[in-house]
file model-v3.cif (mmCIF, N, CA and C atoms)
data_coords
loop_
_atom_site.label_atom_id
_atom_site.label_comp_id
_atom_site.auth_asym_id
_atom_site.auth_seq_id
_atom_site.Cartn_x
_atom_site.Cartn_y
_atom_site.Cartn_z
N MET A 1 -74.91 -68.28 89.10
CA MET A 1 -75.47 -68.52 90.40
C MET A 1 -76.33 -69.78 90.32
N THR A 2 -76.06 -70.73 91.20
CA THR A 2 -76.79 -71.97 91.14
C THR A 2 -77.98 -72.01 92.08
N SER A 3 -78.02 -71.15 93.04
CA SER A 3 -79.12 -71.12 94.00
C SER A 3 -79.44 -69.67 94.27
N ALA A 4 -80.71 -69.31 94.21
CA ALA A 4 -81.09 -67.92 94.38
C ALA A 4 -82.24 -67.80 95.36
N PRO A 5 -81.93 -67.73 96.67
CA PRO A 5 -83.00 -67.56 97.64
C PRO A 5 -83.62 -66.17 97.49
N SER A 6 -84.83 -66.02 98.01
CA SER A 6 -85.48 -64.72 97.93
C SER A 6 -84.69 -63.72 98.76
N ILE A 7 -84.67 -62.48 98.28
CA ILE A 7 -83.95 -61.43 99.00
C ILE A 7 -84.83 -60.19 99.14
N MET A 8 -84.47 -59.35 100.12
CA MET A 8 -85.18 -58.09 100.36
C MET A 8 -84.18 -56.95 100.36
N LEU A 9 -84.62 -55.79 99.88
CA LEU A 9 -83.84 -54.55 99.90
C LEU A 9 -84.73 -53.41 100.36
N THR A 10 -84.11 -52.39 100.93
CA THR A 10 -84.88 -51.18 101.22
C THR A 10 -84.90 -50.30 99.98
N GLN A 11 -85.91 -49.46 99.89
CA GLN A 11 -86.02 -48.53 98.77
C GLN A 11 -84.78 -47.63 98.69
N PRO A 12 -84.31 -47.04 99.82
CA PRO A 12 -83.10 -46.21 99.72
C PRO A 12 -81.87 -46.98 99.24
N ASP A 13 -81.68 -48.23 99.72
CA ASP A 13 -80.54 -49.03 99.25
C ASP A 13 -80.66 -49.29 97.76
N LEU A 14 -81.84 -49.64 97.29
CA LEU A 14 -82.04 -49.89 95.87
C LEU A 14 -81.67 -48.65 95.06
N GLN A 15 -82.13 -47.48 95.47
CA GLN A 15 -81.84 -46.25 94.74
C GLN A 15 -80.33 -45.96 94.72
N ARG A 16 -79.67 -46.12 95.87
CA ARG A 16 -78.23 -45.87 95.94
C ARG A 16 -77.45 -46.85 95.07
N LEU A 17 -77.86 -48.11 95.10
CA LEU A 17 -77.17 -49.12 94.30
C LEU A 17 -77.40 -48.91 92.80
N GLU A 18 -78.58 -48.48 92.42
CA GLU A 18 -78.83 -48.16 91.01
C GLU A 18 -77.97 -46.98 90.57
N ARG A 19 -77.82 -45.97 91.44
CA ARG A 19 -76.96 -44.83 91.12
C ARG A 19 -75.50 -45.29 90.99
N LEU A 20 -75.09 -46.19 91.88
CA LEU A 20 -73.73 -46.74 91.81
C LEU A 20 -73.51 -47.42 90.46
N LEU A 21 -74.43 -48.26 90.05
CA LEU A 21 -74.30 -48.96 88.76
C LEU A 21 -74.26 -47.97 87.60
N ASP A 22 -75.09 -46.93 87.67
CA ASP A 22 -75.12 -45.92 86.60
C ASP A 22 -73.80 -45.16 86.52
N SER A 23 -73.08 -45.05 87.63
CA SER A 23 -71.85 -44.25 87.66
C SER A 23 -70.60 -45.02 87.25
N LEU A 24 -70.70 -46.31 87.08
CA LEU A 24 -69.52 -47.13 86.79
C LEU A 24 -68.99 -46.90 85.38
N ASP A 25 -67.67 -46.75 85.28
CA ASP A 25 -67.02 -46.65 83.98
C ASP A 25 -66.89 -48.04 83.35
N ASP A 26 -66.63 -49.03 84.19
CA ASP A 26 -66.44 -50.41 83.71
C ASP A 26 -67.61 -51.25 84.19
N TYR A 27 -68.53 -51.52 83.29
CA TYR A 27 -69.73 -52.29 83.64
C TYR A 27 -69.48 -53.75 83.30
N GLY A 28 -68.73 -54.42 84.17
CA GLY A 28 -68.33 -55.80 83.92
C GLY A 28 -69.22 -56.81 84.62
N PRO A 29 -68.71 -58.03 84.80
CA PRO A 29 -69.49 -59.11 85.41
C PRO A 29 -69.99 -58.80 86.82
N ALA A 30 -69.20 -58.09 87.60
CA ALA A 30 -69.62 -57.75 88.97
C ALA A 30 -70.85 -56.86 88.95
N ALA A 31 -70.84 -55.87 88.09
CA ALA A 31 -71.99 -54.97 87.99
C ALA A 31 -73.21 -55.71 87.46
N GLN A 32 -73.00 -56.59 86.49
CA GLN A 32 -74.12 -57.37 85.95
C GLN A 32 -74.73 -58.27 87.02
N ALA A 33 -73.87 -58.89 87.84
CA ALA A 33 -74.37 -59.76 88.91
C ALA A 33 -75.19 -58.95 89.92
N LEU A 34 -74.71 -57.76 90.28
CA LEU A 34 -75.45 -56.92 91.21
C LEU A 34 -76.78 -56.49 90.60
N GLU A 35 -76.76 -56.12 89.34
CA GLU A 35 -78.00 -55.71 88.67
C GLU A 35 -79.03 -56.85 88.68
N GLU A 36 -78.58 -58.07 88.46
CA GLU A 36 -79.49 -59.22 88.50
C GLU A 36 -80.10 -59.40 89.89
N GLU A 37 -79.28 -59.21 90.92
CA GLU A 37 -79.79 -59.32 92.29
C GLU A 37 -80.84 -58.24 92.56
N LEU A 38 -80.56 -57.02 92.14
CA LEU A 38 -81.50 -55.92 92.37
C LEU A 38 -82.82 -56.19 91.67
N SER A 39 -82.76 -56.78 90.49
CA SER A 39 -83.98 -56.99 89.71
C SER A 39 -84.89 -58.05 90.33
N ARG A 40 -84.35 -58.93 91.14
CA ARG A 40 -85.19 -59.98 91.72
C ARG A 40 -85.57 -59.73 93.18
N ALA A 41 -85.11 -58.62 93.73
CA ALA A 41 -85.35 -58.33 95.15
C ALA A 41 -86.76 -57.82 95.41
N ARG A 42 -87.26 -58.18 96.57
CA ARG A 42 -88.50 -57.59 97.08
C ARG A 42 -88.09 -56.29 97.79
N VAL A 43 -88.67 -55.17 97.41
CA VAL A 43 -88.28 -53.86 97.91
C VAL A 43 -89.29 -53.38 98.96
N VAL A 44 -88.76 -52.95 100.12
CA VAL A 44 -89.60 -52.49 101.22
C VAL A 44 -89.07 -51.16 101.75
N GLU A 45 -89.89 -50.49 102.53
CA GLU A 45 -89.45 -49.28 103.22
C GLU A 45 -88.52 -49.68 104.37
N PRO A 46 -87.59 -48.79 104.76
CA PRO A 46 -86.66 -49.13 105.84
C PRO A 46 -87.37 -49.58 107.13
N SER A 47 -88.49 -48.96 107.44
CA SER A 47 -89.21 -49.32 108.67
C SER A 47 -89.82 -50.72 108.62
N GLU A 48 -89.95 -51.27 107.42
CA GLU A 48 -90.53 -52.61 107.24
C GLU A 48 -89.46 -53.70 107.15
N MET A 49 -88.18 -53.32 107.18
CA MET A 49 -87.10 -54.29 107.00
C MET A 49 -86.86 -55.08 108.29
N PRO A 50 -87.02 -56.41 108.25
CA PRO A 50 -86.71 -57.21 109.42
C PRO A 50 -85.23 -57.08 109.80
N ALA A 51 -84.93 -57.11 111.08
CA ALA A 51 -83.56 -56.96 111.57
C ALA A 51 -82.67 -58.12 111.18
N SER A 52 -83.23 -59.19 110.69
CA SER A 52 -82.47 -60.39 110.33
C SER A 52 -82.01 -60.40 108.87
N VAL A 53 -82.21 -59.29 108.15
CA VAL A 53 -81.85 -59.21 106.73
C VAL A 53 -80.58 -58.38 106.56
N VAL A 54 -79.69 -58.84 105.69
CA VAL A 54 -78.44 -58.13 105.39
C VAL A 54 -78.75 -56.97 104.44
N THR A 55 -78.55 -55.75 104.93
CA THR A 55 -78.73 -54.54 104.12
C THR A 55 -77.37 -53.88 103.96
N MET A 56 -77.30 -52.83 103.18
CA MET A 56 -76.05 -52.10 103.03
C MET A 56 -75.62 -51.56 104.40
N ASN A 57 -74.32 -51.63 104.65
CA ASN A 57 -73.69 -51.19 105.89
C ASN A 57 -74.04 -52.07 107.09
N SER A 58 -74.58 -53.26 106.82
CA SER A 58 -74.81 -54.23 107.89
C SER A 58 -73.51 -54.96 108.19
N ARG A 59 -73.36 -55.39 109.46
CA ARG A 59 -72.29 -56.30 109.84
C ARG A 59 -72.91 -57.68 109.96
N VAL A 60 -72.28 -58.65 109.33
CA VAL A 60 -72.87 -59.98 109.24
C VAL A 60 -71.85 -61.05 109.64
N HIS A 61 -72.35 -62.09 110.27
CA HIS A 61 -71.55 -63.26 110.61
C HIS A 61 -72.01 -64.36 109.66
N CYS A 62 -71.09 -64.88 108.85
CA CYS A 62 -71.46 -65.91 107.89
C CYS A 62 -70.40 -66.99 107.85
N LEU A 63 -70.76 -68.10 107.23
CA LEU A 63 -69.92 -69.27 107.17
C LEU A 63 -69.84 -69.74 105.73
N ASP A 64 -68.61 -69.99 105.25
CA ASP A 64 -68.43 -70.65 103.95
C ASP A 64 -68.49 -72.13 104.25
N GLU A 65 -69.57 -72.77 103.82
CA GLU A 65 -69.80 -74.17 104.17
C GLU A 65 -68.85 -75.13 103.45
N VAL A 66 -68.14 -74.66 102.43
CA VAL A 66 -67.16 -75.50 101.75
C VAL A 66 -65.85 -75.53 102.54
N SER A 67 -65.34 -74.35 102.87
CA SER A 67 -64.04 -74.27 103.55
C SER A 67 -64.19 -74.33 105.08
N GLY A 68 -65.39 -74.05 105.57
CA GLY A 68 -65.59 -73.98 107.01
C GLY A 68 -65.14 -72.65 107.60
N LYS A 69 -64.72 -71.73 106.74
CA LYS A 69 -64.22 -70.44 107.22
C LYS A 69 -65.36 -69.57 107.70
N ASP A 70 -65.13 -68.97 108.84
CA ASP A 70 -66.07 -68.09 109.50
C ASP A 70 -65.72 -66.64 109.15
N TYR A 71 -66.71 -65.84 108.81
CA TYR A 71 -66.46 -64.44 108.45
C TYR A 71 -67.33 -63.50 109.27
N HIS A 72 -66.77 -62.36 109.65
CA HIS A 72 -67.51 -61.24 110.21
C HIS A 72 -67.22 -60.08 109.27
N LEU A 73 -68.22 -59.68 108.50
CA LEU A 73 -68.02 -58.72 107.43
C LEU A 73 -69.01 -57.57 107.51
N GLU A 74 -68.58 -56.40 107.05
CA GLU A 74 -69.49 -55.27 106.89
C GLU A 74 -69.67 -55.05 105.40
N LEU A 75 -70.92 -55.08 104.95
CA LEU A 75 -71.24 -54.89 103.54
C LEU A 75 -71.28 -53.40 103.23
N VAL A 76 -70.36 -52.96 102.36
CA VAL A 76 -70.19 -51.53 102.12
C VAL A 76 -70.18 -51.22 100.61
N TYR A 77 -70.27 -49.94 100.31
CA TYR A 77 -70.13 -49.45 98.94
C TYR A 77 -68.65 -49.51 98.56
N PRO A 78 -68.32 -49.61 97.27
CA PRO A 78 -66.93 -49.79 96.85
C PRO A 78 -65.96 -48.77 97.44
N GLN A 79 -66.35 -47.52 97.54
CA GLN A 79 -65.44 -46.49 98.04
C GLN A 79 -65.13 -46.66 99.52
N GLN A 80 -65.92 -47.45 100.25
CA GLN A 80 -65.69 -47.68 101.68
C GLN A 80 -64.93 -48.98 101.93
N ALA A 81 -64.75 -49.79 100.90
CA ALA A 81 -64.08 -51.09 101.05
C ALA A 81 -62.57 -50.91 101.13
N GLY A 82 -61.90 -51.95 101.55
CA GLY A 82 -60.44 -51.92 101.57
C GLY A 82 -59.85 -52.07 102.95
N THR A 83 -60.64 -51.85 103.98
CA THR A 83 -60.13 -52.07 105.32
C THR A 83 -60.57 -53.45 105.80
N ALA A 84 -59.87 -53.95 106.78
CA ALA A 84 -60.15 -55.30 107.30
C ALA A 84 -61.61 -55.40 107.74
N GLY A 85 -62.25 -56.48 107.34
CA GLY A 85 -63.63 -56.72 107.75
C GLY A 85 -64.69 -56.09 106.87
N THR A 86 -64.27 -55.36 105.82
CA THR A 86 -65.26 -54.79 104.91
C THR A 86 -65.28 -55.58 103.61
N VAL A 87 -66.44 -55.62 102.99
CA VAL A 87 -66.56 -56.25 101.68
C VAL A 87 -67.46 -55.38 100.82
N SER A 88 -66.99 -55.09 99.61
CA SER A 88 -67.75 -54.26 98.68
C SER A 88 -68.95 -55.03 98.15
N VAL A 89 -70.02 -54.31 97.96
CA VAL A 89 -71.22 -54.91 97.35
C VAL A 89 -70.93 -55.37 95.93
N LEU A 90 -69.86 -54.87 95.31
CA LEU A 90 -69.49 -55.31 93.96
C LEU A 90 -68.57 -56.52 93.96
N ALA A 91 -68.10 -56.95 95.14
CA ALA A 91 -67.33 -58.20 95.23
C ALA A 91 -68.32 -59.36 95.20
N PRO A 92 -67.92 -60.50 94.64
CA PRO A 92 -68.86 -61.63 94.57
C PRO A 92 -69.51 -61.98 95.91
N VAL A 93 -68.74 -62.01 96.97
CA VAL A 93 -69.33 -62.36 98.27
C VAL A 93 -70.26 -61.25 98.76
N GLY A 94 -69.95 -60.00 98.47
CA GLY A 94 -70.81 -58.89 98.87
C GLY A 94 -72.14 -58.93 98.16
N THR A 95 -72.11 -59.14 96.85
CA THR A 95 -73.34 -59.26 96.08
C THR A 95 -74.16 -60.44 96.57
N ALA A 96 -73.47 -61.54 96.89
CA ALA A 96 -74.16 -62.74 97.36
C ALA A 96 -74.87 -62.50 98.69
N LEU A 97 -74.27 -61.71 99.57
CA LEU A 97 -74.85 -61.49 100.90
C LEU A 97 -76.02 -60.51 100.88
N LEU A 98 -76.03 -59.58 99.96
CA LEU A 98 -77.04 -58.52 99.94
C LEU A 98 -78.46 -59.09 99.95
N GLY A 99 -79.23 -58.69 100.94
CA GLY A 99 -80.65 -59.06 101.00
C GLY A 99 -80.95 -60.41 101.62
N LEU A 100 -79.91 -61.17 101.98
CA LEU A 100 -80.17 -62.48 102.59
C LEU A 100 -80.66 -62.34 104.03
N THR A 101 -81.36 -63.36 104.49
CA THR A 101 -81.89 -63.42 105.85
C THR A 101 -81.10 -64.46 106.63
N VAL A 102 -80.98 -64.25 107.93
CA VAL A 102 -80.31 -65.22 108.80
C VAL A 102 -80.86 -66.61 108.52
N GLY A 103 -79.96 -67.57 108.34
CA GLY A 103 -80.33 -68.95 108.06
C GLY A 103 -80.33 -69.30 106.59
N GLN A 104 -80.37 -68.29 105.71
CA GLN A 104 -80.37 -68.57 104.28
C GLN A 104 -78.98 -68.96 103.80
N HIS A 105 -78.96 -69.75 102.75
CA HIS A 105 -77.73 -70.19 102.08
C HIS A 105 -77.77 -69.64 100.66
N ILE A 106 -76.58 -69.44 100.10
CA ILE A 106 -76.50 -69.11 98.68
C ILE A 106 -75.23 -69.72 98.11
N ASP A 107 -75.33 -70.25 96.91
CA ASP A 107 -74.17 -70.73 96.17
C ASP A 107 -73.79 -69.62 95.20
N TRP A 108 -72.50 -69.23 95.20
CA TRP A 108 -72.10 -68.10 94.39
C TRP A 108 -70.76 -68.40 93.72
N PRO A 109 -70.73 -68.49 92.38
CA PRO A 109 -69.45 -68.73 91.70
C PRO A 109 -68.58 -67.47 91.72
N THR A 110 -67.30 -67.65 92.02
CA THR A 110 -66.37 -66.52 92.02
C THR A 110 -65.72 -66.42 90.64
N PRO A 111 -65.12 -65.26 90.33
CA PRO A 111 -64.46 -65.12 89.04
C PRO A 111 -63.35 -66.16 88.82
N GLY A 112 -62.75 -66.64 89.89
CA GLY A 112 -61.69 -67.63 89.79
C GLY A 112 -62.18 -69.05 89.60
N GLY A 113 -63.49 -69.25 89.54
CA GLY A 113 -64.05 -70.56 89.30
C GLY A 113 -64.43 -71.35 90.54
N LYS A 114 -64.15 -70.80 91.72
CA LYS A 114 -64.55 -71.47 92.95
C LYS A 114 -66.04 -71.23 93.20
N LEU A 115 -66.60 -72.07 94.05
CA LEU A 115 -68.00 -71.88 94.43
C LEU A 115 -68.06 -71.59 95.92
N LEU A 116 -68.58 -70.41 96.27
CA LEU A 116 -68.80 -70.09 97.67
C LEU A 116 -70.17 -70.63 98.07
N LYS A 117 -70.23 -71.29 99.20
CA LYS A 117 -71.51 -71.76 99.75
C LYS A 117 -71.67 -71.05 101.08
N LEU A 118 -72.34 -69.93 101.04
CA LEU A 118 -72.45 -69.08 102.22
C LEU A 118 -73.74 -69.32 102.98
N LYS A 119 -73.62 -69.30 104.30
CA LYS A 119 -74.79 -69.35 105.16
C LYS A 119 -74.69 -68.16 106.10
N VAL A 120 -75.77 -67.38 106.20
CA VAL A 120 -75.81 -66.25 107.10
C VAL A 120 -76.16 -66.77 108.49
N LEU A 121 -75.24 -66.57 109.44
CA LEU A 121 -75.45 -67.03 110.81
C LEU A 121 -76.10 -65.97 111.68
N ALA A 122 -75.74 -64.69 111.45
CA ALA A 122 -76.31 -63.61 112.26
C ALA A 122 -76.09 -62.27 111.55
N VAL A 123 -77.02 -61.35 111.75
CA VAL A 123 -76.81 -59.96 111.38
C VAL A 123 -76.48 -59.25 112.68
N GLU A 124 -75.20 -58.89 112.82
CA GLU A 124 -74.72 -58.31 114.08
C GLU A 124 -75.10 -56.84 114.23
N TYR A 125 -75.23 -56.16 113.12
CA TYR A 125 -75.67 -54.76 113.12
C TYR A 125 -76.37 -54.50 111.79
N GLN A 126 -77.50 -53.83 111.87
CA GLN A 126 -78.21 -53.43 110.65
C GLN A 126 -78.67 -51.99 110.85
N PRO A 127 -78.31 -51.08 109.93
CA PRO A 127 -78.67 -49.68 110.09
C PRO A 127 -80.17 -49.45 110.32
N GLU A 128 -81.01 -50.13 109.55
CA GLU A 128 -82.45 -49.92 109.63
C GLU A 128 -82.99 -50.31 111.02
N ALA A 129 -82.44 -51.33 111.62
CA ALA A 129 -82.87 -51.76 112.95
C ALA A 129 -82.43 -50.77 114.01
N ASN A 130 -81.48 -49.90 113.65
CA ASN A 130 -80.97 -48.89 114.57
C ASN A 130 -81.43 -47.48 114.18
N GLY A 131 -82.51 -47.40 113.42
CA GLY A 131 -83.09 -46.10 113.08
C GLY A 131 -82.37 -45.34 111.98
N ARG A 132 -81.52 -46.02 111.24
CA ARG A 132 -80.80 -45.37 110.13
C ARG A 132 -81.17 -46.04 108.83
N ASP A 133 -81.10 -45.30 107.76
CA ASP A 133 -81.28 -45.92 106.44
C ASP A 133 -80.12 -45.51 105.58
#

call {"tool": "encode", "arguments": {"input": "model-v3.cif", "output": "C-alpha cells"}}
result
Amino acid sequence: MTSAPSIMLTQPDLQRLERLLDSLDDYGPAAQALEEELSRARVVEPSEMPASVVTMNSRVHCLDEVSGKDYHLELVYPQQAGTAGTVSVLAPVGTALLGLTVGQHIDWPTPGGKLLKLKVLAVEYQPEANGRD
C-alpha cells in the first residue's frame, strides 16, 4: 500500500472482522492486508460513526482514478459476496474501501500487480446511519 489515509471502524465491525480472520483456513495476503487495516483504524461506537464513512454492508460510489471506471459497490463479508455489485472485504478493493470517508483516496496494489487509485465519491447507504450495526 503506497498511501494510507486515516480510517474509522465501529466496534461491532472490528469484532466481526477479527472473528472472520480467526476463522480462516487460508491466512494469505488478503487476510494480512485486512489485519493491517484493522490495526491502524480508529474504533468508535456505531452511534459515533459519521454517515460519510464506509462501514461493513455500506453501499458506496467510488471512482478508479486510473481507469476512470465508476463503481457502485456494497462492502460485504466473504459469504455474502458473489452477486453483482457486491465486493468482499477480503478482496483488495474491499479492504481498500473499508473505513474510508467521502473524498478520501487510496492507492492499493492488486495481486496482479495493478495499482487501484480509488476515490470515494459517496456513501449511498450506511447501516449505522440507518440505526443498524

call {"tool": "residues_around", "arguments": {"input": "model-v3.cif", "residues": "Val60 of chain A", "least_positions_apart": "4", "cutoff": "5 Å", "atoms": "all atoms listed in the file", "output": "ChimeraX atom specification"}}
result
/A:72-74,122-124

call {"tool": "atom_distance", "arguments": {"input": "model-v3.cif", "atom1": "atom N of Ser6 of chain A", "atom2": "atom C of Lys69 of chain A"}}
result
22.0 Å

call {"tool": "atom_distance", "arguments": {"input": "model-v3.cif", "atom1": "atom N of Ser52 of chain A", "atom2": "atom CA of Gly85 of chain A"}}
result
20.0 Å

call {"tool": "resolve_selection", "arguments": {"input": "model-v3.cif", "expression": "the PyMOL selection byres (((chain A and resi 64 and name CA) around 10) and name CA)", "output": "list in words"}}
result
Cys62, Leu63, Glu65, Val66, Ser67, Gly68, Lys69, Asp70, Tyr71, His105, Ile106, Asp107, Leu115, Leu116, Lys117, Leu118, Lys119 and Val120 of chain A

call {"tool": "residues_around", "arguments": {"input": "model-v3.cif", "residues": "Leu75 of chain A", "least_positions_apart": "6", "cutoff": "6 Å", "atoms": "all atoms listed in the file", "output": "number ranges by chain"}}
result
A: 56-60, 86-89

call {"tool": "atom_distance", "arguments": {"input": "model-v3.cif", "atom1": "atom CA of Met49 of chain A", "atom2": "atom CA of Asp22 of chain A"}}
result
25.1 Å

call {"tool": "closest_residue", "arguments": {"input": "model-v3.cif", "among": "A:Val76, A:Thr110, A:Asp25, A:Arg16", "to": "Val54 of chain A", "atoms": "only C-alpha atoms"}}
result
A:Val76

call {"tool": "resolve_selection", "arguments": {"input": "model-v3.cif", "expression": "the PyMOL selection byres (((chain A and resi 31-43 and name CA) around 9) and name CA)", "output": "list of chain:residue names"}}
result
A:Met1, A:Ala4, A:Ser6, A:Ile7, A:Met8, A:Leu9, A:Thr10, A:Gln11, A:Leu14, A:Leu17, A:Glu18, A:Leu21, A:Leu24, A:Asp26, A:Tyr27, A:Gly28, A:Pro29, A:Ala30, A:Val44, A:Glu45, A:Val89, A:Leu90, A:Pro92, A:Thr95, A:Ala96, A:Leu98, A:Gly99

call {"tool": "select_by_dssp", "arguments": {"input": "model-v3.cif", "residues": "segment 9-84 of chain A", "states": "helix (DSSP H, G or I)", "output": "PyMOL selection string"}}
result
chain A and resi 11-23+29-40+46-48+78-80

call {"tool": "write_last_selection", "arguments": {"input": "model-v3.cif", "atoms": "N, CA and C atoms", "output": "PDB file, in the coordinates of the input"}}
result
ATOM      1  N   GLN A  11     -85.910 -49.460  99.890  1.00  0.00           N
ATOM      2  CA  GLN A  11     -86.020 -48.530  98.770  1.00  0.00           C
ATOM      3  C   GLN A  11     -84.780 -47.630  98.690  1.00  0.00           C
ATOM      4  N   PRO A  12     -84.310 -47.040  99.820  1.00  0.00           N
ATOM      5  CA  PRO A  12     -83.100 -46.210  99.720  1.00  0.00           C
ATOM      6  C   PRO A  12     -81.870 -46.980  99.240  1.00  0.00           C
ATOM      7  N   ASP A  13     -81.680 -48.230  99.720  1.00  0.00           N
ATOM      8  CA  ASP A  13     -80.540 -49.030  99.250  1.00  0.00           C
ATOM      9  C   ASP A  13     -80.660 -49.290  97.760  1.00  0.00           C
ATOM     10  N   LEU A  14     -81.840 -49.640  97.290  1.00  0.00           N
ATOM     11  CA  LEU A  14     -82.040 -49.890  95.870  1.00  0.00           C
ATOM     12  C   LEU A  14     -81.670 -48.650  95.060  1.00  0.00           C
ATOM     13  N   GLN A  15     -82.130 -47.480  95.470  1.00  0.00           N
ATOM     14  CA  GLN A  15     -81.840 -46.250  94.740  1.00  0.00           C
ATOM     15  C   GLN A  15     -80.330 -45.960  94.720  1.00  0.00           C
ATOM     16  N   ARG A  16     -79.670 -46.120  95.870  1.00  0.00           N
ATOM     17  CA  ARG A  16     -78.230 -45.870  95.940  1.00  0.00           C
ATOM     18  C   ARG A  16     -77.450 -46.850  95.070  1.00  0.00           C
ATOM     19  N   LEU A  17     -77.860 -48.110  95.100  1.00  0.00           N
ATOM     20  CA  LEU A  17     -77.170 -49.120  94.300  1.00  0.00           C
ATOM     21  C   LEU A  17     -77.400 -48.910  92.800  1.00  0.00           C
ATOM     22  N   GLU A  18     -78.580 -48.480  92.420  1.00  0.00           N
ATOM     23  CA  GLU A  18     -78.830 -48.160  91.010  1.00  0.00           C
ATOM     24  C   GLU A  18     -77.970 -46.980  90.570  1.00  0.00           C
ATOM     25  N   ARG A  19     -77.820 -45.970  91.440  1.00  0.00           N
ATOM     26  CA  ARG A  19     -76.960 -44.830  91.120  1.00  0.00           C
ATOM     27  C   ARG A  19     -75.500 -45.290  90.990  1.00  0.00           C
ATOM     28  N   LEU A  20     -75.090 -46.190  91.880  1.00  0.00           N
ATOM     29  CA  LEU A  20     -73.730 -46.740  91.810  1.00  0.00           C
ATOM     30  C   LEU A  20     -73.510 -47.420  90.460  1.00  0.00           C
ATOM     31  N   LEU A  21     -74.430 -48.260  90.050  1.00  0.00           N
ATOM     32  CA  LEU A  21     -74.300 -48.960  88.760  1.00  0.00           C
ATOM     33  C   LEU A  21     -74.260 -47.970  87.600  1.00  0.00           C
ATOM     34  N   ASP A  22     -75.090 -46.930  87.670  1.00  0.00           N
ATOM     35  CA  ASP A  22     -75.120 -45.920  86.600  1.00  0.00           C
ATOM     36  C   ASP A  22     -73.800 -45.160  86.520  1.00  0.00           C
ATOM     37  N   SER A  23     -73.080 -45.050  87.630  1.00  0.00           N
ATOM     38  CA  SER A  23     -71.850 -44.250  87.660  1.00  0.00           C
ATOM     39  C   SER A  23     -70.600 -45.020  87.250  1.00  0.00           C
ATOM     40  N   PRO A  29     -68.710 -58.030  84.800  1.00  0.00           N
ATOM     41  CA  PRO A  29     -69.490 -59.110  85.410  1.00  0.00           C
ATOM     42  C   PRO A  29     -69.990 -58.800  86.820  1.00  0.00           C
ATOM     43  N   ALA A  30     -69.200 -58.090  87.600  1.00  0.00           N
ATOM     44  CA  ALA A  30     -69.620 -57.750  88.970  1.00  0.00           C
ATOM     45  C   ALA A  30     -70.850 -56.860  88.950  1.00  0.00           C
ATOM     46  N   ALA A  31     -70.840 -55.870  88.090  1.00  0.00           N
ATOM     47  CA  ALA A  31     -71.990 -54.970  87.990  1.00  0.00           C
ATOM     48  C   ALA A  31     -73.210 -55.710  87.460  1.00  0.00           C
ATOM     49  N   GLN A  32     -73.000 -56.590  86.490  1.00  0.00           N
ATOM     50  CA  GLN A  32     -74.120 -57.370  85.950  1.00  0.00           C
ATOM     51  C   GLN A  32     -74.730 -58.270  87.020  1.00  0.00           C
ATOM     52  N   ALA A  33     -73.870 -58.890  87.840  1.00  0.00           N
ATOM     53  CA  ALA A  33     -74.370 -59.760  88.910  1.00  0.00           C
ATOM     54  C   ALA A  33     -75.190 -58.950  89.920  1.00  0.00           C
ATOM     55  N   LEU A  34     -74.710 -57.760  90.280  1.00  0.00           N
ATOM     56  CA  LEU A  34     -75.450 -56.920  91.210  1.00  0.00           C
ATOM     57  C   LEU A  34     -76.780 -56.490  90.600  1.00  0.00           C
ATOM     58  N   GLU A  35     -76.760 -56.120  89.340  1.00  0.00           N
ATOM     59  CA  GLU A  35     -78.000 -55.710  88.670  1.00  0.00           C
ATOM     60  C   GLU A  35     -79.030 -56.850  88.680  1.00  0.00           C
ATOM     61  N   GLU A  36     -78.580 -58.070  88.460  1.00  0.00           N
ATOM     62  CA  GLU A  36     -79.490 -59.220  88.500  1.00  0.00           C
ATOM     63  C   GLU A  36     -80.100 -59.400  89.890  1.00  0.00           C
ATOM     64  N   GLU A  37     -79.280 -59.210  90.920  1.00  0.00           N
ATOM     65  CA  GLU A  37     -79.790 -59.320  92.290  1.00  0.00           C
ATOM     66  C   GLU A  37     -80.840 -58.240  92.560  1.00  0.00           C
ATOM     67  N   LEU A  38     -80.560 -57.020  92.140  1.00  0.00           N
ATOM     68  CA  LEU A  38     -81.500 -55.920  92.370  1.00  0.00           C
ATOM     69  C   LEU A  38     -82.820 -56.190  91.670  1.00  0.00           C
ATOM     70  N   SER A  39     -82.760 -56.780  90.490  1.00  0.00           N
ATOM     71  CA  SER A  39     -83.980 -56.990  89.710  1.00  0.00           C
ATOM     72  C   SER A  39     -84.890 -58.050  90.330  1.00  0.00           C
ATOM     73  N   ARG A  40     -84.350 -58.930  91.140  1.00  0.00           N
ATOM     74  CA  ARG A  40     -85.190 -59.980  91.720  1.00  0.00           C
ATOM     75  C   ARG A  40     -85.570 -59.730  93.180  1.00  0.00           C
ATOM     76  N   PRO A  46     -87.590 -48.790 104.760  1.00  0.00           N
ATOM     77  CA  PRO A  46     -86.660 -49.130 105.840  1.00  0.00           C
ATOM     78  C   PRO A  46     -87.370 -49.580 107.130  1.00  0.00           C
ATOM     79  N   SER A  47     -88.490 -48.960 107.440  1.00  0.00           N
ATOM     80  CA  SER A  47     -89.210 -49.320 108.670  1.00  0.00           C
ATOM     81  C   SER A  47     -89.820 -50.720 108.620  1.00  0.00           C
ATOM     82  N   GLU A  48     -89.950 -51.270 107.420  1.00  0.00           N
ATOM     83  CA  GLU A  48     -90.530 -52.610 107.240  1.00  0.00           C
ATOM     84  C   GLU A  48     -89.460 -53.700 107.150  1.00  0.00           C
ATOM     85  N   PRO A  78     -68.320 -49.610  97.270  1.00  0.00           N
ATOM     86  CA  PRO A  78     -66.930 -49.790  96.850  1.00  0.00           C
ATOM     87  C   PRO A  78     -65.960 -48.770  97.440  1.00  0.00           C
ATOM     88  N   GLN A  79     -66.350 -47.520  97.540  1.00  0.00           N
ATOM     89  CA  GLN A  79     -65.440 -46.490  98.040  1.00  0.00           C
ATOM     90  C   GLN A  79     -65.130 -46.660  99.520  1.00  0.00           C
ATOM     91  N   GLN A  80     -65.920 -47.450 100.250  1.00  0.00           N
ATOM     92  CA  GLN A  80     -65.690 -47.680 101.680  1.00  0.00           C
ATOM     93  C   GLN A  80     -64.930 -48.980 101.930  1.00  0.00           C
TER      94      GLN A  80
END

call {"tool": "closest_residue", "arguments": {"input": "model-v3.cif", "among": "A:Leu121, A:Ala129, A:Ala91, A:Leu97", "to": "Pro50 of chain A", "atoms": "only C-alpha atoms"}}
result
A:Ala129

call {"tool": "axis_aligned_box", "arguments": {"input": "model-v3.cif", "around": "segment 20-24 of chain A", "padding_each_side": "3 Å", "output": "JSON"}}
result
{"center_x": -72.1, "center_y": -46.6, "center_z": 88.6, "size_x": 12.1, "size_y": 10.7, "size_z": 12.5}
